[in-house]
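Below: target_25.cif (mmCIF, C-alpha atoms)
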data_work
#
loop_
_atom_site.label_atom_id
_atom_site.label_comp_id
_atom_site.auth_asym_id
_atom_site.auth_seq_id
_atom_site.Cartn_x
_atom_site.Cartn_y
_atom_site.Cartn_z
CA MET Z 1 215.49 51.72 38.15
CA GLU Z 2 212.09 51.54 39.90
CA LEU Z 3 212.41 53.09 43.35
CA ASN Z 4 209.47 51.13 44.75
CA ILE Z 5 210.86 47.63 45.27
CA LEU Z 6 207.35 46.23 45.70
CA LYS Z 7 206.52 47.34 42.15
CA GLN Z 8 209.67 45.60 40.95
CA ILE Z 9 208.62 42.36 42.63
CA PHE Z 10 205.13 42.43 41.10
CA PHE Z 11 205.68 44.00 37.67
CA ASP Z 12 209.32 43.77 36.50
CA LYS Z 13 210.51 41.80 33.46
CA HIS Z 14 209.72 38.50 35.21
CA LYS Z 15 206.00 39.44 35.25
CA HIS Z 16 205.34 37.61 38.51
CA TRP Z 17 201.91 39.18 39.02
CA ASN Z 18 200.69 38.14 35.55
CA ARG Z 19 201.91 34.59 36.15
CA PHE Z 20 200.25 34.54 39.56
CA LYS Z 21 196.90 35.58 38.03
CA GLU Z 22 197.17 32.93 35.31
CA LYS Z 23 197.95 30.21 37.86
CA TYR Z 24 195.27 30.97 40.46
CA GLY Z 25 192.58 32.55 38.26
CA THR Z 26 189.17 32.72 39.94
CA ARG Z 27 190.61 31.90 43.37
CA ILE Z 28 191.82 35.51 43.53
CA ARG Z 29 189.18 37.90 44.88
CA PRO Z 30 188.10 40.58 42.35
CA ILE Z 31 188.97 43.36 44.81
CA VAL Z 32 192.55 42.06 44.96
CA ILE Z 33 192.99 42.34 41.19
CA LYS Z 34 191.41 45.80 41.24
CA GLU Z 35 193.70 47.11 44.00
CA VAL Z 36 196.91 45.60 42.59
CA GLU Z 37 196.17 47.06 39.15
CA LYS Z 38 195.58 50.47 40.77
CA PHE Z 39 198.95 50.06 42.47
CA ARG Z 40 200.57 49.23 39.12
CA GLY Z 41 199.41 52.53 37.63
CA CYS Z 42 200.09 54.69 40.69
CA GLY Z 43 202.38 57.60 39.85
CA ASN Z 44 202.38 56.81 36.13
CA PRO Z 45 201.73 59.97 34.05
CA GLU Z 46 200.10 57.78 31.41
CA ASN Z 47 197.12 57.60 33.78
CA GLY Z 48 196.82 61.37 34.18
CA PHE Z 49 198.85 64.24 35.57
CA LYS Z 50 198.87 67.92 36.53
CA LEU Z 51 201.07 70.31 34.59
CA PHE Z 52 203.20 72.97 36.30
CA VAL Z 53 205.50 75.45 34.52
CA CYS Z 54 208.22 77.57 36.20
CA GLU Z 55 207.44 81.26 35.84
CA GLY Z 56 211.18 82.02 35.71
CA CYS Z 57 213.00 79.50 33.49
CA HIS Z 58 209.86 77.82 32.06
CA ASP Z 59 210.90 74.40 33.31
CA VAL Z 60 208.02 71.92 32.86
CA ARG Z 61 206.94 69.58 35.64
CA ARG Z 62 204.33 66.84 35.34
CA VAL Z 63 202.88 65.61 38.66
CA PRO Z 64 201.14 62.24 38.13
CA TYR Z 65 197.96 61.24 39.92
CA ARG Z 66 198.20 58.83 42.82
CA CYS Z 67 195.97 55.75 43.07
CA LYS Z 68 194.97 56.24 46.76
CA GLY Z 69 194.53 52.47 46.82
CA ARG Z 70 194.40 50.29 49.91
CA PHE Z 71 197.30 48.16 48.71
CA CYS Z 72 199.66 50.93 47.59
CA THR Z 73 202.51 51.40 50.06
CA THR Z 74 203.29 54.94 48.87
CA CYS Z 75 199.71 56.15 49.27
CA SER Z 76 199.00 54.27 52.49
CA VAL Z 77 202.05 55.71 54.28
CA GLY Z 78 200.97 59.25 53.42
CA GLU Z 79 197.36 58.55 54.37
CA SER Z 80 198.44 56.96 57.66
CA GLU Z 81 200.49 60.01 58.63
CA GLU Z 82 197.69 62.42 57.70
CA TRP Z 83 195.01 60.35 59.47
CA SER Z 84 197.05 60.15 62.67
CA ARG Z 85 197.60 63.94 62.60
CA LEU Z 86 193.86 64.62 62.28
CA LEU Z 87 193.10 61.99 64.92
CA ALA Z 88 195.38 63.63 67.49
CA GLU Z 89 193.57 66.94 66.97
CA ASP Z 90 190.03 65.53 66.93
CA VAL Z 91 189.88 63.20 69.95
CA LEU Z 92 189.59 64.18 73.61
CA GLN Z 93 192.84 65.42 75.14
CA VAL Z 94 192.88 62.77 77.86
CA ASN Z 95 194.93 59.64 78.50
CA HIS Z 96 194.20 56.77 76.12
CA ARG Z 97 195.27 53.14 76.22
CA HIS Z 98 196.37 51.10 73.23
CA VAL Z 99 194.63 47.73 73.77
CA ILE Z 100 195.44 44.74 71.53
CA PHE Z 101 193.08 41.76 71.27
CA THR Z 102 194.64 38.61 69.75
CA ILE Z 103 193.46 35.05 69.11
CA ASP Z 104 194.91 31.52 69.15
CA GLU Z 105 196.97 30.79 66.02
CA GLY Z 106 194.87 27.71 65.29
CA LEU Z 107 191.84 29.93 64.59
CA ARG Z 108 193.48 32.30 62.12
CA ASP Z 109 192.63 30.32 58.99
CA ILE Z 110 188.96 30.26 59.99
CA PHE Z 111 188.82 34.05 59.67
CA LEU Z 112 190.76 33.85 56.40
CA LEU Z 113 188.12 31.51 54.95
CA HIS Z 114 185.18 33.38 56.55
CA ARG Z 115 186.03 37.04 56.12
CA HIS Z 116 182.46 38.10 56.92
CA LEU Z 117 183.31 37.40 60.59
CA LEU Z 118 185.90 40.21 60.72
CA LYS Z 119 183.37 43.02 61.27
CA ASP Z 120 181.79 41.21 64.23
CA PHE Z 121 185.33 40.43 65.41
CA MET Z 122 185.98 44.18 65.76
CA ASP Z 123 182.53 44.94 67.17
CA GLU Z 124 182.88 42.33 69.93
CA ALA Z 125 186.28 43.61 71.04
CA ALA Z 126 184.87 47.14 71.40
CA ARG Z 127 181.71 45.87 73.13
CA ILE Z 128 183.72 44.10 75.85
CA LEU Z 129 185.52 47.33 76.77
CA ILE Z 130 182.39 49.50 76.63
CA GLU Z 131 180.45 47.12 78.88
CA PHE Z 132 183.34 46.98 81.36
CA PHE Z 133 183.52 50.79 81.67
CA GLN Z 134 179.73 51.11 81.90
CA LYS Z 135 179.53 48.48 84.65
CA LYS Z 136 182.58 49.41 86.77
CA ALA Z 137 182.90 53.17 86.27
CA LYS Z 138 179.36 54.05 85.11
CA VAL Z 139 180.77 55.86 82.08
CA THR Z 140 180.77 55.45 78.29
CA PRO Z 141 184.33 55.59 76.87
CA GLY Z 142 185.47 56.66 73.41
CA ILE Z 143 186.87 53.88 71.24
CA ILE Z 144 188.61 53.77 67.86
CA ALA Z 145 189.31 50.23 66.64
CA GLY Z 146 191.65 49.19 63.83
CA LEU Z 147 191.83 45.71 62.32
CA HIS Z 148 195.22 44.21 61.46
CA THR Z 149 195.17 40.91 59.57
CA PHE Z 150 198.95 40.60 59.34
CA GLY Z 151 201.67 39.37 61.65
CA SER Z 152 205.35 40.33 61.62
CA LYS Z 153 206.09 37.66 58.97
CA VAL Z 154 203.25 38.98 56.75
CA ASN Z 155 201.29 35.85 57.69
CA PHE Z 156 197.52 35.99 58.24
CA ASN Z 157 197.07 36.90 61.90
CA PRO Z 158 193.85 38.86 62.60
CA HIS Z 159 193.90 41.01 65.73
CA VAL Z 160 192.28 44.25 66.85
CA HIS Z 161 194.11 47.40 67.92
CA ILE Z 162 191.92 49.66 70.07
CA LEU Z 163 192.47 53.23 71.19
CA VAL Z 164 190.28 53.72 74.28
CA THR Z 165 189.87 56.72 76.59
CA MET Z 166 190.83 56.10 80.19
CA GLY Z 167 187.48 57.22 81.50
CA GLY Z 168 184.32 58.45 79.85
CA MET Z 169 181.15 60.50 80.02
CA THR Z 170 178.61 59.87 82.76
CA LYS Z 171 174.83 59.98 82.23
CA LYS Z 172 174.90 63.50 83.69
CA GLY Z 173 177.21 64.67 80.92
CA GLU Z 174 180.33 64.91 83.07
CA TRP Z 175 183.80 63.52 82.43
CA LYS Z 176 185.05 60.86 84.85
CA GLY Z 177 188.51 59.33 84.66
CA TYR Z 178 189.08 55.59 85.22
CA ASP Z 179 192.54 54.09 84.64
CA PHE Z 180 192.23 50.37 85.33
CA LEU Z 181 191.84 47.36 83.04
CA PRO Z 182 191.48 43.84 84.52
CA PHE Z 183 193.50 41.78 82.07
CA GLU Z 184 192.62 38.35 83.49
CA MET Z 185 188.89 39.03 83.20
CA LEU Z 186 189.21 40.58 79.73
CA ARG Z 187 191.23 37.62 78.44
CA LYS Z 188 188.63 35.04 79.47
CA GLN Z 189 185.76 37.18 78.20
CA TRP Z 190 187.50 37.70 74.87
CA GLN Z 191 188.18 33.98 74.48
CA THR Z 192 184.52 33.13 75.13
CA VAL Z 193 183.29 35.84 72.75
CA VAL Z 194 185.57 34.73 69.86
CA LEU Z 195 184.64 31.06 70.16
CA LYS Z 196 180.92 31.90 70.26
CA LEU Z 197 181.33 34.28 67.31
CA ILE Z 198 182.88 31.55 65.17
CA ARG Z 199 180.21 28.98 66.10
CA ARG Z 200 177.48 31.51 65.36
CA GLY Z 201 178.94 32.63 62.02
CA VAL Z 202 179.57 29.32 60.22
CA THR Z 203 177.30 26.59 58.88
CA GLU Z 204 176.49 23.44 60.87
CA GLN Z 205 178.65 21.36 58.54
CA GLU Z 206 181.59 23.76 58.92
CA LYS Z 207 181.04 23.86 62.69
CA LYS Z 208 181.49 20.10 62.93
CA ARG Z 209 184.67 20.28 60.83
CA ILE Z 210 186.34 22.97 62.95
CA GLN Z 211 185.07 21.81 66.36
CA PRO Z 212 188.42 20.11 67.23
CA ARG Z 213 190.20 23.42 66.56
CA LEU Z 214 187.80 25.33 68.77
CA GLN Z 215 188.18 22.79 71.55
CA LYS Z 216 191.97 22.91 71.29
CA ALA Z 217 191.99 26.73 71.34
CA PHE Z 218 189.91 26.65 74.53
CA SER Z 219 191.91 24.00 76.41
CA LYS Z 220 195.32 25.31 75.26
CA ASN Z 221 194.64 28.86 76.52
CA GLY Z 222 193.61 28.34 80.14
CA LYS Z 223 193.96 32.04 80.97
CA GLY Z 224 192.13 33.14 77.82
CA PHE Z 225 193.38 34.76 74.61
CA TYR Z 226 196.16 37.30 74.97
CA VAL Z 227 195.10 40.91 75.62
CA HIS Z 228 197.77 43.60 75.95
CA ALA Z 229 197.37 47.25 77.03
CA PRO Z 230 200.58 49.00 78.12
CA LYS Z 231 200.28 52.34 79.91
CA GLN Z 232 201.20 55.29 77.69
CA LYS Z 233 203.77 57.87 78.79
CA GLY Z 234 204.60 61.36 77.61
CA ASN Z 235 202.68 64.03 75.70
CA VAL Z 236 199.07 63.00 75.01
CA LYS Z 237 199.05 64.36 71.46
CA GLU Z 238 202.28 62.55 70.55
CA GLN Z 239 200.89 59.31 72.05
CA LEU Z 240 197.82 59.63 69.86
CA ARG Z 241 199.80 60.33 66.70
CA TYR Z 242 202.07 57.33 67.30
CA ILE Z 243 199.17 54.95 68.00
CA GLY Z 244 197.25 56.37 65.03
CA ARG Z 245 200.15 55.68 62.66
CA TYR Z 246 200.48 52.17 64.08
CA ILE Z 247 196.78 51.39 63.59
CA ARG Z 248 196.81 52.55 59.95
CA ARG Z 249 200.18 51.08 58.94
CA PRO Z 250 200.47 48.81 55.84
CA ALA Z 251 201.15 45.06 56.01
CA ILE Z 252 204.84 45.57 55.19
CA GLY Z 253 206.97 48.68 54.90
CA LEU Z 254 209.37 49.00 51.96
CA ASN Z 255 212.26 49.42 54.41
CA ARG Z 256 211.67 45.86 55.61
CA ILE Z 257 212.34 44.32 52.18
CA GLU Z 258 216.10 43.69 52.15
CA ALA Z 259 216.69 41.82 48.89
CA TYR Z 260 215.01 40.69 45.67
CA ASP Z 261 216.91 38.70 43.04
CA GLY Z 262 214.10 38.03 40.59
CA GLN Z 263 212.97 34.77 42.21
CA MET Z 264 213.32 35.17 45.97
CA VAL Z 265 212.36 37.96 48.38
CA THR Z 266 214.16 38.52 51.68
CA PHE Z 267 212.55 40.65 54.36
CA LYS Z 268 213.26 41.39 58.00
CA TYR Z 269 210.89 41.06 60.94
CA VAL Z 270 210.97 41.12 64.73
CA ASP Z 271 210.28 37.71 66.25
CA LYS Z 272 207.62 38.27 68.93
CA THR Z 273 208.78 35.26 70.94
CA ASP Z 274 212.26 36.63 71.75
CA GLY Z 275 212.19 40.23 70.47
CA VAL Z 276 215.12 39.59 68.09
CA GLU Z 277 215.20 40.97 64.54
CA LYS Z 278 215.46 38.16 61.98
CA THR Z 279 215.18 37.69 58.21
CA GLU Z 280 213.18 35.29 56.07
CA SER Z 281 213.51 34.42 52.38
CA VAL Z 282 210.50 33.19 50.41
CA THR Z 283 209.68 32.70 46.73
CA VAL Z 284 208.03 35.62 44.95
CA GLU Z 285 204.84 33.57 44.54
CA GLU Z 286 204.67 32.91 48.28
CA PHE Z 287 205.42 36.56 49.03
CA ILE Z 288 202.61 37.77 46.73
CA ALA Z 289 200.19 35.21 48.21
CA ARG Z 290 200.96 36.37 51.75
CA LEU Z 291 200.66 40.04 50.86
CA ILE Z 292 197.37 40.09 48.92
CA ARG Z 293 195.51 38.27 51.72
CA HIS Z 294 195.57 41.51 53.66
CA ILE Z 295 193.67 43.52 51.06
CA PRO Z 296 190.24 44.02 52.71
CA ASP Z 297 186.99 43.22 50.94
CA GLU Z 298 185.20 45.92 48.95
CA GLN Z 299 183.78 48.67 51.21
CA PHE Z 300 185.08 46.95 54.35
CA LYS Z 301 186.08 49.51 57.01
CA THR Z 302 189.27 48.54 58.83
CA ILE Z 303 188.85 51.55 61.17
CA ARG Z 304 185.64 51.81 63.23
CA HIS Z 305 184.41 54.17 65.97
CA TYR Z 306 182.42 53.25 69.09
CA GLY Z 307 181.09 54.77 72.31
CA MET Z 308 181.67 58.53 72.56
CA TYR Z 309 183.63 58.44 69.30
CA SER Z 310 180.76 56.81 67.43
CA ARG Z 311 179.94 58.94 64.39
CA ARG Z 312 176.29 59.14 65.48
CA ILE Z 313 176.90 60.80 68.85
CA LYS Z 314 180.46 62.18 68.76
CA ASN Z 315 179.45 65.79 68.06
CA LEU Z 316 176.69 65.67 70.68
CA CYS Z 317 179.10 64.30 73.31
CA LYS Z 318 181.58 67.05 72.52
CA LYS Z 319 178.92 69.75 72.99
CA VAL Z 320 177.85 68.28 76.33
CA LEU Z 321 181.46 67.99 77.56
CA ALA Z 322 182.26 71.51 76.34
CA ALA Z 323 179.44 72.86 78.52
CA TRP Z 324 180.65 70.79 81.48
CA GLN Z 325 184.31 71.83 81.21
CA ALA Z 326 183.35 75.52 81.08
CA THR Z 327 181.88 75.23 84.60
CA SER Z 328 184.28 72.66 86.08
CA ARG Z 329 187.43 74.33 84.68
CA LYS Z 330 188.84 70.92 83.66
CA TRP Z 331 189.94 71.08 80.04
CA ILE Z 332 189.63 67.85 78.09
CA LEU Z 333 188.53 69.34 74.76
CA SER Z 334 191.02 71.26 72.66
CA ILE Z 335 190.10 74.70 71.33
CA LYS Z 336 187.57 74.27 68.57
CA LYS Z 337 189.12 74.71 65.17
CA THR Z 338 188.33 73.60 61.66
CA LEU Z 339 190.25 70.46 60.77
CA ARG Z 340 191.27 70.08 57.15
CA ARG Z 341 193.46 67.69 55.25
CA LYS Z 342 196.85 68.98 54.19
CA THR Z 343 197.44 69.57 50.50
CA TRP Z 344 199.96 67.56 48.47
CA ARG Z 345 202.44 70.43 48.79
CA GLU Z 346 201.97 70.85 52.56
CA ARG Z 347 202.48 67.15 53.21
CA ILE Z 348 205.76 67.08 51.26
CA VAL Z 349 207.10 70.16 53.07
CA ALA Z 350 205.99 68.76 56.47
CA SER Z 351 207.95 65.56 55.79
CA GLY Z 352 211.16 67.61 55.56
CA GLN Z 353 211.53 67.55 51.76
CA LYS Z 354 212.00 70.58 49.50
CA ASP Z 355 208.97 72.61 48.47
CA PRO Z 356 207.81 70.96 45.20
CA ILE Z 357 206.43 74.28 43.91
CA ILE Z 358 209.86 75.97 43.99
CA CYS Z 359 211.99 75.43 40.88
CA PRO Z 360 215.36 73.77 41.69
CA HIS Z 361 217.01 75.61 38.77
CA CYS Z 362 216.07 79.25 39.34
CA GLU Z 363 214.11 79.13 42.63
CA SER Z 364 211.06 80.75 41.04
CA TYR Z 365 207.58 79.31 41.63
CA TYR Z 366 205.90 76.73 39.43
CA GLU Z 367 202.48 77.79 38.15
CA TYR Z 368 199.58 75.40 37.64
CA LYS Z 369 198.71 75.31 33.92
CA GLY Z 370 196.36 72.39 33.46
CA GLU Z 371 195.79 68.68 33.84
CA VAL Z 372 195.01 65.50 31.96
CA CYS Z 373 192.86 62.66 33.28
CA LYS Z 374 191.64 59.28 32.06
CA GLU Z 375 187.99 58.95 31.06
CA ASN Z 376 186.62 55.69 29.66
CA GLY Z 377 190.17 54.41 29.23
CA LYS Z 378 191.37 57.41 27.20
CA LEU Z 379 193.44 60.42 28.23
CA THR Z 380 191.53 63.69 27.90
CA ILE Z 381 192.32 67.30 28.74
CA LYS Z 382 190.50 68.29 31.91
CA VAL Z 383 191.94 71.82 32.32
CA ALA Z 384 194.06 73.97 29.97
CA LEU Z 385 194.58 77.59 31.04
CA CYS Z 386 195.92 78.79 27.67
CA LYS Z 387 196.33 77.73 24.03
CA THR Z 388 200.01 76.88 24.52
CA THR Z 389 199.12 74.56 27.42
CA LYS Z 390 196.39 72.89 25.39
CA ALA Z 391 198.78 72.24 22.48
CA TYR Z 392 201.40 70.80 24.85
CA LEU Z 393 198.87 68.52 26.57
CA GLU Z 394 197.60 67.28 23.20
CA ARG Z 395 201.18 66.37 22.23
CA MET Z 396 201.66 64.51 25.53
CA ILE Z 397 198.40 62.58 25.05
CA HIS Z 398 199.51 61.58 21.53
CA TYR Z 399 202.93 60.52 22.88
CA PHE Z 400 201.52 58.39 25.71
CA SER Z 401 198.91 56.81 23.41
CA SER Z 402 201.60 55.79 20.91
CA GLN Z 403 203.72 54.36 23.75
CA GLN Z 404 200.79 52.21 24.93
CA THR Z 405 200.13 50.99 21.37
CA THR Z 406 203.78 50.01 20.93
CA GLN Z 407 203.74 48.16 24.26
CA LYS Z 408 200.60 46.21 23.28
CA GLU Z 409 202.17 45.23 19.96
CA LYS Z 410 205.26 43.93 21.77
CA GLU Z 411 203.09 41.84 24.11
CA ILE Z 412 201.11 40.38 21.18
CA ASN Z 413 204.35 39.51 19.33
CA SER Z 414 205.74 37.92 22.49
CA ILE Z 415 202.63 35.76 22.91
CA GLN Z 416 202.71 34.73 19.25
CA THR Z 417 206.41 33.85 19.50
CA LYS Z 418 205.80 31.71 22.56
CA GLY Z 419 202.92 30.02 20.79
CA THR Z 420 205.11 29.24 17.77
CA HIS Z 421 207.79 27.62 19.92
CA HIS Z 422 205.14 25.60 21.72
CA VAL Z 423 203.76 24.25 18.44
CA CYS Z 424 207.22 23.40 17.08
CA MET Z 425 208.41 21.61 20.22
CA PRO Z 426 207.06 18.12 19.33
CA ALA Z 427 208.76 18.26 15.90
CA LEU Z 428 212.25 18.76 17.33
#

Kindly present the structure from the file in structure tokens form.
Amino acid sequence: MELNILKQIFFDKHKHWNRFKEKYGTRIRPIVIKEVEKFRGCGNPENGFKLFVCEGCHDVRRVPYRCKGRFCTTCSVGESEEWSRLLAEDVLQVNHRHVIFTIDEGLRDIFLLHRHLLKDFMDEAARILIEFFQKKAKVTPGIIAGLHTFGSKVNFNPHVHILVTMGGMTKKGEWKGYDFLPFEMLRKQWQTVVLKLIRRGVTEQEKKRIQPRLQKAFSKNGKGFYVHAPKQKGNVKEQLRYIGRYIRRPAIGLNRIEAYDGQMVTFKYVDKTDGVEKTESVTVEEFIARLIRHIPDEQFKTIRHYGMYSRRIKNLCKKVLAAWQATSRKWILSIKKTLRRKTWRERIVASGQKDPIICPHCESYYEYKGEVCKENGKLTIKVALCKTTKAYLERMIHYFSSQQTTQKEKEINSIQTKGTHHVCMPAL
């Protein structure tokens, strides 16, 4: 049985994803098809694998490649954890606030239809905070912004999560703390900015069509659009790791999917209006439609850096602050060390699982022997450390190739059988 229930929903015997593609055709963005197909092949050794052999009992282990796709729940959870770990080490060791910028629900579909507005949507949220700090505290803060397009019910609900330093660097190169955010002012500013952004980013014809929505969003939200920024408590590094994981989290976690019977999907969510956990059941088609909306466009960055954390000036700011803290004896930069991503093995061990390189049968170590990858649609040997390994990999390539051929023949026969029944129907 497939452990990943999301793969079951998309690709099991009911072939919901294939039916969805046939029904909606060109309405589906190309990037969506690309990412879902990557997800389909994730963890499948038929798409390539690394070969390990136990040096004690000669047990063979094939470790398949991962897709590293933006839709894959398995890959995104691992990437989120690793990104948050690196983030906590890399940013300034000062208090940060987690600020959330939301919009009126009547405007959500506008951003769904005009996705090009989402970059400016993030930029404007960061700009409001930077200008506030520069005006009131005379400092430039560090900001990391993450775009979420999903709500708790996997509906389209674009909002921006921002990690902002409580303080910033002055023009003299000194650190100055500032722990105050005027919510009432930020809410009205954010409302004005969003409405202007929409009017600026659509055609005149579209502007006339959506004008009633814009007017309603303005009059309905007298205090402005909701902006939330709770004060963080506890260890700074743990705060950063938690917020980092939250910013990078996928649209839905597998633990939220409670049931799937082949036609309906039931998932749980927390209702924001009363804070109570509830469940909702939807058809598979509706579930797929909700989920794929959150796949970002090609090359779109859902995480962006501004102010002191801007990629252009981050290293320069750190050098200036390092010189300042050496004389002021106020430590806001952690000890300089080389940050590197954890290996596949290190990440598994860090998650509390058994070391994948230790054989469960004899407790000897597995040795890397070679790997197979896909080039131009065909499996080829990339590395083979000995003749025995090469012969084994060749046999595996032959086996997987024959499996794929058999599967294609079955699909062709199935299509032909369906076609025959269709032709015979009128004669019955």

Selection result for the PyMOL selection byres ((chain Z and resi 117-129) around 10) on this file, as a PyMOL selection string: chain Z and resi 99-102+110-116+130-135+140-147+149+158-164+181+186+189-190+193-194+197-198+200-202+296+300-307

Near-region 10-21 of chain Z list (9 Å; only C-alpha atoms; drop same-chain fewer than 3 positions) as a PDB file with C-alpha atoms, in the frame of the given file:
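Written out: around23.pdb:
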ATOM      1  CA  GLU Z   2     212.090  51.540  39.900  1.00  0.00           C
ATOM      2  CA  ILE Z   5     210.860  47.630  45.270  1.00  0.00           C
ATOM      3  CA  LEU Z   6     207.350  46.230  45.700  1.00  0.00           C
ATOM      4  CA  LYS Z   7     206.520  47.340  42.150  1.00  0.00           C
ATOM      5  CA  TYR Z  24     195.270  30.970  40.460  1.00  0.00           C
ATOM      6  CA  GLY Z  25     192.580  32.550  38.260  1.00  0.00           C
ATOM      7  CA  THR Z  26     189.170  32.720  39.940  1.00  0.00           C
ATOM      8  CA  ILE Z  28     191.820  35.510  43.530  1.00  0.00           C
ATOM      9  CA  ILE Z  33     192.990  42.340  41.190  1.00  0.00           C
ATOM     10  CA  VAL Z  36     196.910  45.600  42.590  1.00  0.00           C
ATOM     11  CA  ARG Z  40     200.570  49.230  39.120  1.00  0.00           C
ATOM     12  CA  GLY Z 262     214.100  38.030  40.590  1.00  0.00           C
ATOM     13  CA  GLN Z 263     212.970  34.770  42.210  1.00  0.00           C
ATOM     14  CA  VAL Z 284     208.030  35.620  44.950  1.00  0.00           C
ATOM     15  CA  GLU Z 285     204.840  33.570  44.540  1.00  0.00           C
ATOM     16  CA  ILE Z 288     202.610  37.770  46.730  1.00  0.00           C
ATOM     17  CA  ALA Z 289     200.190  35.210  48.210  1.00  0.00           C
TER      18      ALA Z 289
END

If the PyMOL selection byres ((chain Z and resi 321) around 8) were run on this exact file, what residues would it hold? Put them as a list in words. Met169, Gly173, Glu174, Trp175, Cys317, Lys318, Lys319, Val320, Ala322, Ala323, Trp324, Gln325 and Leu333 of chain Z

Closest to Asp261 (chain Z) among Z:Cys386, Z:Val32, Z:Ile243, Z:Ile9, using all atoms listed in the file?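 For Asp261 (chain Z), the nearest of the given residues is Z:Ile9.
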
Neighbours of Pro250 (chain Z) within 12 Å (all atoms listed in the file; same-chain residues fewer than 4 positions away dropped), as a PyMOL selection string? chain Z and resi 69-81+146-152+154+245-246+254-256+291-292+294-296+302

Asp59 (chain Z): which residues within 9 Å, counting all atoms listed in the file, same-chain residues fewer than 5 positions away excluded, as a VMD selection string? chain Z and resid 52 to 54 359 361 366

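Atom pair CA of Lys382 (chain Z) / CA of His398 (chain Z) has a distance of 15.3 Å (rounded to one decimal).
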
Quick one: residues within 8 Å of Cys362 (chain Z), only C-alpha atoms, excluding same-chain residues fewer than 2 positions away - as a PyMOL selection string? chain Z and resi 56-57+359-360+364

Pick from Z:Arg249, Z:Arg213, Z:Arg29, Z:Lys50, whichever lies nearest to Val372 (chain Z) using only C-alpha atoms: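 The closest residue to Val372 (chain Z) is Z:Lys50.
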
Looking at all atoms listed in the file, which of Z:Arg395, Z:Lys208, Z:His96, Z:Arg61 is the one that sits closest to Leu240 (chain Z)?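 For Leu240 (chain Z), the nearest of the given residues is Z:His96.
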